[in-house]
Amino acid sequence: MAESEPLLSRARGGSGRGCPEGLPARCSVQVGPGAAWKDLCLEQAVVFIEDAIQYRSINHRMDARSMWLYRWYYSDVCQWILSFVIFLILSLAFIETPSSFTSTSDARYRAEPWHPPCGLTESVEALCLLVFTADLAVKSYLVGWAQFRKSLWLLAYFMVLVLSLVDWMVSLSLLCQEPLRLRRLLRPFFLLQNSSMMKKTLKCIRWSLPEMASVVLLLALHLCVFTMFGMLLFTGEKQDDGQDRERLTYFRNLPEALTSLLVLLTTANNPDVMIPAYSKNRSYAIFFIVFTLIGSLFLMNLLTAIIYNQFRGYLLKSVQASLFRKRLGTRAAYEVLSMTAEGQAHPQGAGVKAQDLLQALQKVQVDSTRKQALLEKVRAHGHGLLSANDFQKLFNELDKSVTREHPPLPEYQSPFLQSAQFLFGHRYFDYLGNFIVLANLVSICVFLVLDADILPHNRDDFVLGILNCVFILYYLAEMLLKVFALGPLGYLSYPSNVFDGLLTVILLVLEISTLAVYRFPHPGWKPEMQGLLSLWDMVRLVNMLIVFRFLRIIPSMKLMAVVASTILGLVKNMRAFGGILVVVQGLFCAVVAGVLCPVGQPVSGSDSGELPAQVGPARQPAVPLRGPGEHP
């Protein structure tokens with residue numbers, strides 16, 4: 001199949017037989033002038049519309065079988081399965097040998113980690129590799145051989161799978177005793193290739209490297225010059241005490257001096273690095289101040305500005321490319337739908353029937369709220385024809401934020417119930433709830449201060465237990481009254497109500513469990529531990545949830561809500577950078593685990609792989625030496 005031919009030509013995906021005479025060859029696969037041909041064009045329009053909505057490329061196969069496979073591959077179920085398999089293969093590193101995944105990281109107290117038998121993790125990994133092989137096969141089939149050869153990511157995907165399978169077979173042939181597992185270094189690639197945003201971020205980092213290299217070179221020159229100057233300054237024929245301590249602590253030799261100034265560039269050891277010299281002569285501080293001004297305040301900010309400028313330019317290009325793919329997909333859908341009138345084109349290519357577009361939109365996999373907005377726009381157009389410009393403007397509605405309407409309020413006939421509904425649905429009732437939460441938080445803080453010096457098993461939690469019961473009963477009453485005023489669906493339509501309701505139910509369950517196990521609070525309420533948690537643990541868990549519930553005040557304060565929404569948006573937009581960090585950290589850990597602690601060697605330093613709880617007497621902390629005249 002020649003991928004270089006026009007997208008909507010006869011040769012793309014089929015032979016083009018059965019096309020009516022004189023019909024422009026715009027439908028991808030034309031099998032006849034009847035209903036089957038119209039259904040196929042509708043399916044193609046559905047695929048093009050989904051590509052436009054998801055900003056995907058339309059350069060893929062468009063025959064009936066390929067479209068079914070394409071839509072199945074990009075379905076939510078298939079993508080969730082693929083994401084789970086990626087998570088599974090990355091999680092194998094926590095239990096594979098060498099592994100130190102235990103409840104505590106203290107080598108004196110941790111138990112011997114579980115070592116899975118040979119073949120267990122290999123079987124799971126083989127299943128994951130088979131899924132990745134099927135993923136590569138589907139992608140390669142859908143884009144075609146020509147596009148496969150041009151895609152560096154698909155070629156790298158193929159090479160990684162081949163190397164992983166070969167290394168997997170080597171592991172089995174050596175009974176899992178191979179000194180190094182190469183495929184561990186390749187596993188983060190599966191996460192990288194499955195995310196288009198991570199690919200774009202990696203490409204942007206690659207584009208930013210040339211301009212970043214000049215600033216990094218200036219930083220290296222800055223470090224080297226000040227390192228040599230510092231070693232000359234703090235080492236001389238006649239040295240005082242300040243110079244000696246500075247030299248012996250931070251400028252003993254070239255590597256230590258370079259490391260000290262490199263850390264000072266991040267201000268992590270400031271002002272400790274200059275205290276020995278500064279305590280002897282204040283003028284020595286000029287050296288460190290000049291170094292910090294040039295390095296931290298100028299060169300580091302310049303590096304940040306270059307990175308920001310590069311990413312801003314790349315973001316603009318990425319948005320432009322996404323909008324182009326969207327317009328190309330909508331135009332392709334328009335061209336296909338314009339061919340569905342009894343096997344003949346509309347007069348002068350007038351446009352697309354609204355009824356045909358409605359049929360296509362009914363099959364599109366998109367958010368129900370946006371789909372409903374699109375359907376209403378099409379129905380409002382009437383039974384006329386949609387021109388290309390109108391068709392394009394119609395899909396611009398997807399870029400607009402859709403305001404979700406809340407369900408209608410329940411209607412009560414009684415005037416008393418109507419007044420109660422107005423009262424409990426008013427925003428002042430929310431303000432009262434916020435005030436009660438604040439009072440609960442203040443009471444917890446007071447008891448934490450009063451009982452700070454008392455051991456948990458000696459505390460009398462009578463008053464705090466009574467207050468918690470009262471506050472939790474109010475939270476329950478508040479939730480029920482809001483459900484009465486707004487209705488069950490209306491109550492759940494507000495995220496803040498869902499947050500409050502969930503925490504209220506958890507608090508109620510914990511409080512009932514506490515009363516069932518430890519009875520009702522009374523003076524001197526200090527019962528012995530029963531069940532899984534002690535009374536103090538139960539009260540502490542309840543108090544932590546109450547403190548967490550205090551976050552409900554954020555939507556009530558506009559400035560705080562704006563800051564919180566900005567932070568959440570940053571977290572959402574930083575997912576690609578977080579994925580890059582996971583990939584880099586995974587590569588680093590794989591190198592350390594494979595080189596410093598190979599598979600065939602025990603994790604700990606002893607021959608048996610176990611570390612005794614304590615060897616020899618306990619090591620006492622070092623006491624710093626003091627000179628004459630210095631006091632502790």
# chains A, B, ... in the order shown; residues from 1 in each chain; ligands from 1
$ residues_around --residues "Ser66 in chain A" --least-positions-apart "2" --cutoff "12 Å" --atoms "only C-alpha atoms" --output "ChimeraX atom specification"
/A:12-14,28-29,40,43-44,47,60-64,68-73,138-144
$ write_last_selection --atoms "C-alpha atoms" --output "PDB file, in the first residue's frame"
ATOM      1  CA  ARG A  12      -6.019   3.850  -0.001  1.00  0.00           C
ATOM      2  CA  GLY A  13      -7.364   0.811   1.788  1.00  0.00           C
ATOM      3  CA  GLY A  14      -9.069  -0.772  -1.222  1.00  0.00           C
ATOM      4  CA  SER A  28     -11.553   5.829   1.142  1.00  0.00           C
ATOM      5  CA  VAL A  29     -13.198   2.515   0.358  1.00  0.00           C
ATOM      6  CA  LEU A  40     -18.864   2.417   5.346  1.00  0.00           C
ATOM      7  CA  GLU A  43     -17.872   4.616   9.791  1.00  0.00           C
ATOM      8  CA  GLN A  44     -14.981   6.449   8.174  1.00  0.00           C
ATOM      9  CA  VAL A  47     -13.099   7.559  12.832  1.00  0.00           C
ATOM     10  CA  HIS A  60      -3.746   5.223   8.858  1.00  0.00           C
ATOM     11  CA  ARG A  61      -5.682   2.469   7.129  1.00  0.00           C
ATOM     12  CA  MET A  62      -9.366   3.140   6.465  1.00  0.00           C
ATOM     13  CA  ASP A  63     -10.846  -0.159   5.267  1.00  0.00           C
ATOM     14  CA  ALA A  64     -13.669  -1.700   7.297  1.00  0.00           C
ATOM     15  CA  TRP A  68     -12.798  -1.762  13.614  1.00  0.00           C
ATOM     16  CA  LEU A  69      -9.308  -2.643  14.878  1.00  0.00           C
ATOM     17  CA  TYR A  70      -8.368   1.043  15.122  1.00  0.00           C
ATOM     18  CA  ARG A  71     -11.394   1.971  17.210  1.00  0.00           C
ATOM     19  CA  TRP A  72     -10.928  -1.078  19.440  1.00  0.00           C
ATOM     20  CA  TYR A  73      -7.273  -0.238  20.001  1.00  0.00           C
ATOM     21  CA  VAL A 138      -1.359  -3.444  15.726  1.00  0.00           C
ATOM     22  CA  LYS A 139       0.326  -0.062  15.459  1.00  0.00           C
ATOM     23  CA  SER A 140       2.508  -1.189  12.568  1.00  0.00           C
ATOM     24  CA  TYR A 141      -0.445  -2.675  10.698  1.00  0.00           C
ATOM     25  CA  LEU A 142      -2.603   0.426  11.125  1.00  0.00           C
ATOM     26  CA  VAL A 143      -0.004   2.957   9.961  1.00  0.00           C
ATOM     27  CA  GLY A 144       1.409   0.786   7.173  1.00  0.00           C
TER      28      GLY A 144
END
$ select_by_dssp --residues "range 273-382 of chain A" --states "strand (DSSP E or B)" --output "list in words"
Ala341, Gln344, Val352 and Lys353 of chain A
$ closest_residue --among "A:Leu323, A:Cys78, A:Leu293, A:Tyr278" --to "Ser57 in chain A" --atoms "only C-alpha atoms"
A:Leu323
$ residues_around --residues "Arg56 in chain A" --least-positions-apart "2" --cutoff "10 Å" --atoms "only C-alpha atoms" --output "PyMOL selection string"
chain A and resi 48-54+58-59+322+325-326+328-329
$ atom_distance --atom1 "CA of Glu335 in chain A" --atom2 "CA of Gln372 in chain A"
23.2 Å
$ atom_distance --atom1 "CA of Thr133 in chain A" --atom2 "CA of Val162 in chain A"
9.4 Å
$ closest_residue --among "A:Ala485, A:Leu386, A:Met544, A:Leu154" --to "Leu510 in chain A" --atoms "only C-alpha atoms"
A:Met544
$ residues_around --residues "Ala220 in chain A" --least-positions-apart "6" --cutoff "10 Å" --atoms "only C-alpha atoms" --output "list in words"
Ser214, Leu262 and Gly295 of chain A
$ closest_residue --among "A:Gln79, A:Val336, A:Ala380, A:Ser414" --to "Ser195 in chain A" --atoms "only C-alpha atoms"
A:Gln79
$ closest_residue --among "A:Ser496, A:Ser208, A:Asn440, A:Ser123" --to "Ile306 in chain A" --atoms "only C-alpha atoms"
A:Ser208
